[in-house]
Amino acid sequence: VIFDFDGVIADSEPLHCQAFLDVLPAFGIAMTRQQYYDRYLGFTDAECMEALSADFGVDLGGKTAAQLRQRKRIRFEELVQGQHCLLEGVDVFVAMLQEKAIRLAICSGALRSDIDLILNGTRLVCSFEVIVTADDVCRGKPHPEGYLKTLERLNARKGRIHVQECAVIEDSFWGLDAAKKAGMKRVAVSNTYPAQELADHADLVVDRLDHITWEQLKSL
């Protein structure tokens, strides 16, 4: 089972959005929360800045992009401090999979530092064999590179997992489309978008992870 992170394991999508909303005005961009969720949520930070630059006609290249990334990262870390970000039911679902000896990984468009910041100090910190992040790929979701790289790294560690044996847990259209292109089964959790909007993009839709039964997962 391969998990997305933001919006699947951690309730961090609103924090990423707020971090962008807080720092972008200094760079001449007035993005709204609705615009973020409609257009930019599925992007890595680098891809988000490229899209913002094109959409708002603002040059975010070179040193400017580096400054914006740094300010956004710092603001995100400030927002995370002191918060319990793990979504309800995630630890129960992970424990059930571990009892069944299912191999677990994360494939996320977030930075590795963001993921470590949230996981450190939680019971999930050592639960995942492989973690692939924006730092590891050239093309973010909906491109399948991240999911294929995650499977490659799992197989390099031990055993042999076929792509058809992988179930991906996602909360966004971008991630679900990436999983489909990778040839993996898709489970959508309606933490970020309504279930009815996700239904056409997934093999199974749930409202929280601990509502997924072992029988449902095996049937995929």
# chains A, B, ... in the order shown; residues from 1 in each chain; ligands from 1

call {"tool": "residues_around", "arguments": {"residues": "segment 192-204 of chain A", "least_positions_apart": "3", "cutoff": "7 Å", "atoms": "only C-alpha atoms", "output": "list in words"}}
result
Gly7, Asp171, Phe173, Leu176, Asp177, Lys185, Arg186, Val187 and Ala188 of chain A

call {"tool": "write_last_selection", "arguments": {"atoms": "C-alpha atoms", "output": "mmCIF file, in the first residue's frame"}}
result
data_model
loop_
_atom_site.group_PDB
_atom_site.id
_atom_site.type_symbol
_atom_site.label_atom_id
_atom_site.label_comp_id
_atom_site.auth_asym_id
_atom_site.auth_seq_id
_atom_site.Cartn_x
_atom_site.Cartn_y
_atom_site.Cartn_z
ATOM 1 C CA GLY A 7 -4.512 15.095 2.951
ATOM 2 C CA ASP A 171 -7.072 12.483 -1.707
ATOM 3 C CA PHE A 173 -7.483 14.005 -8.658
ATOM 4 C CA LEU A 176 -5.390 9.326 -8.419
ATOM 5 C CA ASP A 177 -4.606 9.983 -12.079
ATOM 6 C CA LYS A 185 -5.314 0.295 -7.791
ATOM 7 C CA ARG A 186 -6.763 3.542 -6.449
ATOM 8 C CA VAL A 187 -8.406 4.251 -3.100
ATOM 9 C CA ALA A 188 -9.666 7.789 -2.576
#

call {"tool": "residues_around", "arguments": {"residues": "segment 133-144 of chain A", "least_positions_apart": "3", "cutoff": "8 Å", "atoms": "only C-alpha atoms", "output": "ChimeraX atom specification"}}
result
/A:42-44,47,106-112,147-148,174-179,181-182

call {"tool": "residues_around", "arguments": {"residues": "segment 152-156 of chain A", "least_positions_apart": "5", "cutoff": "9 Å", "atoms": "only C-alpha atoms", "output": "number ranges by chain"}}
result
A: 103-105, 129-130, 132, 147, 161-162

call {"tool": "write_last_selection", "arguments": {"atoms": "C-alpha atoms", "output": "PDB file, in the first residue's frame"}}
result
ATOM      1  CA  ARG A 103       4.554  -3.490   2.901  1.00  0.00           C
ATOM      2  CA  LEU A 104       3.996   0.267   3.249  1.00  0.00           C
ATOM      3  CA  ALA A 105       5.420   3.301   1.475  1.00  0.00           C
ATOM      4  CA  GLU A 129       9.835   1.174   4.154  1.00  0.00           C
ATOM      5  CA  VAL A 130      10.219   3.752   1.414  1.00  0.00           C
ATOM      6  CA  VAL A 132       9.538   9.180  -2.146  1.00  0.00           C
ATOM      7  CA  TYR A 147       4.664   5.918  -7.905  1.00  0.00           C
ATOM      8  CA  ILE A 161       5.950  -6.648  -5.992  1.00  0.00           C
ATOM      9  CA  HIS A 162       4.064  -6.413  -9.284  1.00  0.00           C
TER      10      HIS A 162
END

call {"tool": "select_by_dssp", "arguments": {"residues": "segment 40-204 of chain A", "states": "alpha helix (DSSP H)", "output": "JSON, numbers by chain"}}
result
{"A": [45, 46, 47, 48, 49, 50, 51, 52, 53, 54, 55, 56, 62, 63, 64, 65, 66, 67, 68, 69, 70, 71, 72, 73, 74, 75, 76, 77, 78, 79, 80, 90, 91, 92, 93, 94, 95, 96, 97, 98, 99, 112, 113, 114, 115, 116, 117, 118, 119, 145, 146, 147, 148, 149, 150, 151, 152, 153, 154, 155, 156, 157, 173, 174, 175, 176, 177, 178, 179, 180, 181, 182, 195, 196, 197, 198]}

call {"tool": "residues_around", "arguments": {"residues": "segment 63-72 of chain A", "least_positions_apart": "5", "cutoff": "12 Å", "atoms": "only C-alpha atoms", "output": "PyMOL selection string"}}
result
chain A and resi 15-29+44-53+58+77-79+111+114

call {"tool": "atom_distance", "arguments": {"atom1": "atom CA of Arg73 of chain A", "atom2": "atom CA of Val189 of chain A"}}
result
25.9 Å

call {"tool": "residues_around", "arguments": {"residues": "Asp11 of chain A", "least_positions_apart": "4", "cutoff": "9 Å", "atoms": "only C-alpha atoms", "output": "list in words"}}
result
Phe5, Asp6, Gly7, Leu15, His84, Cys85, Leu86, Leu87 and Asn191 of chain A

call {"tool": "closest_residue", "arguments": {"among": "A:Arg157, A:Met184, A:Ile131, A:Phe93", "to": "Asp4 of chain A", "atoms": "only C-alpha atoms"}}
result
A:Ile131

call {"tool": "closest_residue", "arguments": {"among": "A:Ser172, A:Ile2, A:Arg123, A:Glu165", "to": "Arg39 of chain A", "atoms": "only C-alpha atoms"}}
result
A:Ser172

call {"tool": "atom_distance", "arguments": {"atom1": "atom CA of Arg208 of chain A", "atom2": "atom CA of Ser190 of chain A"}}
result
7.2 Å

call {"tool": "select_by_dssp", "arguments": {"residues": "segment 32-126 of chain A", "states": "strand (DSSP E or B)", "output": "list in words"}}
result
Leu86, Ala105, Ile106 and Cys107 of chain A

call {"tool": "decode", "arguments": {"residues": "segment 179-204 of chain A", "atoms": "C-alpha atoms", "output": "PDB file, in the first residue's frame"}}
result
ATOM      1  CA  ALA A 179      -1.750   6.029  -9.779  1.00  0.00           C
ATOM      2  CA  LYS A 180      -3.909   5.043 -12.747  1.00  0.00           C
ATOM      3  CA  LYS A 181      -1.114   5.868 -15.193  1.00  0.00           C
ATOM      4  CA  ALA A 182       1.235   3.743 -13.071  1.00  0.00           C
ATOM      5  CA  GLY A 183      -1.178   0.793 -13.347  1.00  0.00           C
ATOM      6  CA  MET A 184      -2.004   0.675  -9.622  1.00  0.00           C
ATOM      7  CA  LYS A 185      -5.314   0.295  -7.791  1.00  0.00           C
ATOM      8  CA  ARG A 186      -6.763   3.542  -6.449  1.00  0.00           C
ATOM      9  CA  VAL A 187      -8.406   4.251  -3.100  1.00  0.00           C
ATOM     10  CA  ALA A 188      -9.666   7.789  -2.576  1.00  0.00           C
ATOM     11  CA  VAL A 189     -10.269   9.298   0.847  1.00  0.00           C
ATOM     12  CA  SER A 190     -12.615  12.294   0.898  1.00  0.00           C
ATOM     13  CA  ASN A 191     -10.561  14.487   3.225  1.00  0.00           C
ATOM     14  CA  THR A 192     -10.000  17.226   0.639  1.00  0.00           C
ATOM     15  CA  TYR A 193     -12.650  16.787  -2.077  1.00  0.00           C
ATOM     16  CA  PRO A 194     -16.221  15.399  -1.862  1.00  0.00           C
ATOM     17  CA  ALA A 195     -16.650  11.658  -2.382  1.00  0.00           C
ATOM     18  CA  GLN A 196     -18.942  12.158  -5.382  1.00  0.00           C
ATOM     19  CA  GLU A 197     -16.243  14.157  -7.177  1.00  0.00           C
ATOM     20  CA  LEU A 198     -13.626  11.470  -6.539  1.00  0.00           C
ATOM     21  CA  ALA A 199     -15.783   8.475  -7.492  1.00  0.00           C
ATOM     22  CA  ASP A 200     -14.950   8.481 -11.207  1.00  0.00           C
ATOM     23  CA  HIS A 201     -11.226   8.582 -10.431  1.00  0.00           C
ATOM     24  CA  ALA A 202     -10.992   5.699  -7.948  1.00  0.00           C
ATOM     25  CA  ASP A 203     -11.725   1.994  -7.479  1.00  0.00           C
ATOM     26  CA  LEU A 204     -12.902   2.662  -3.918  1.00  0.00           C
TER      27      LEU A 204
END
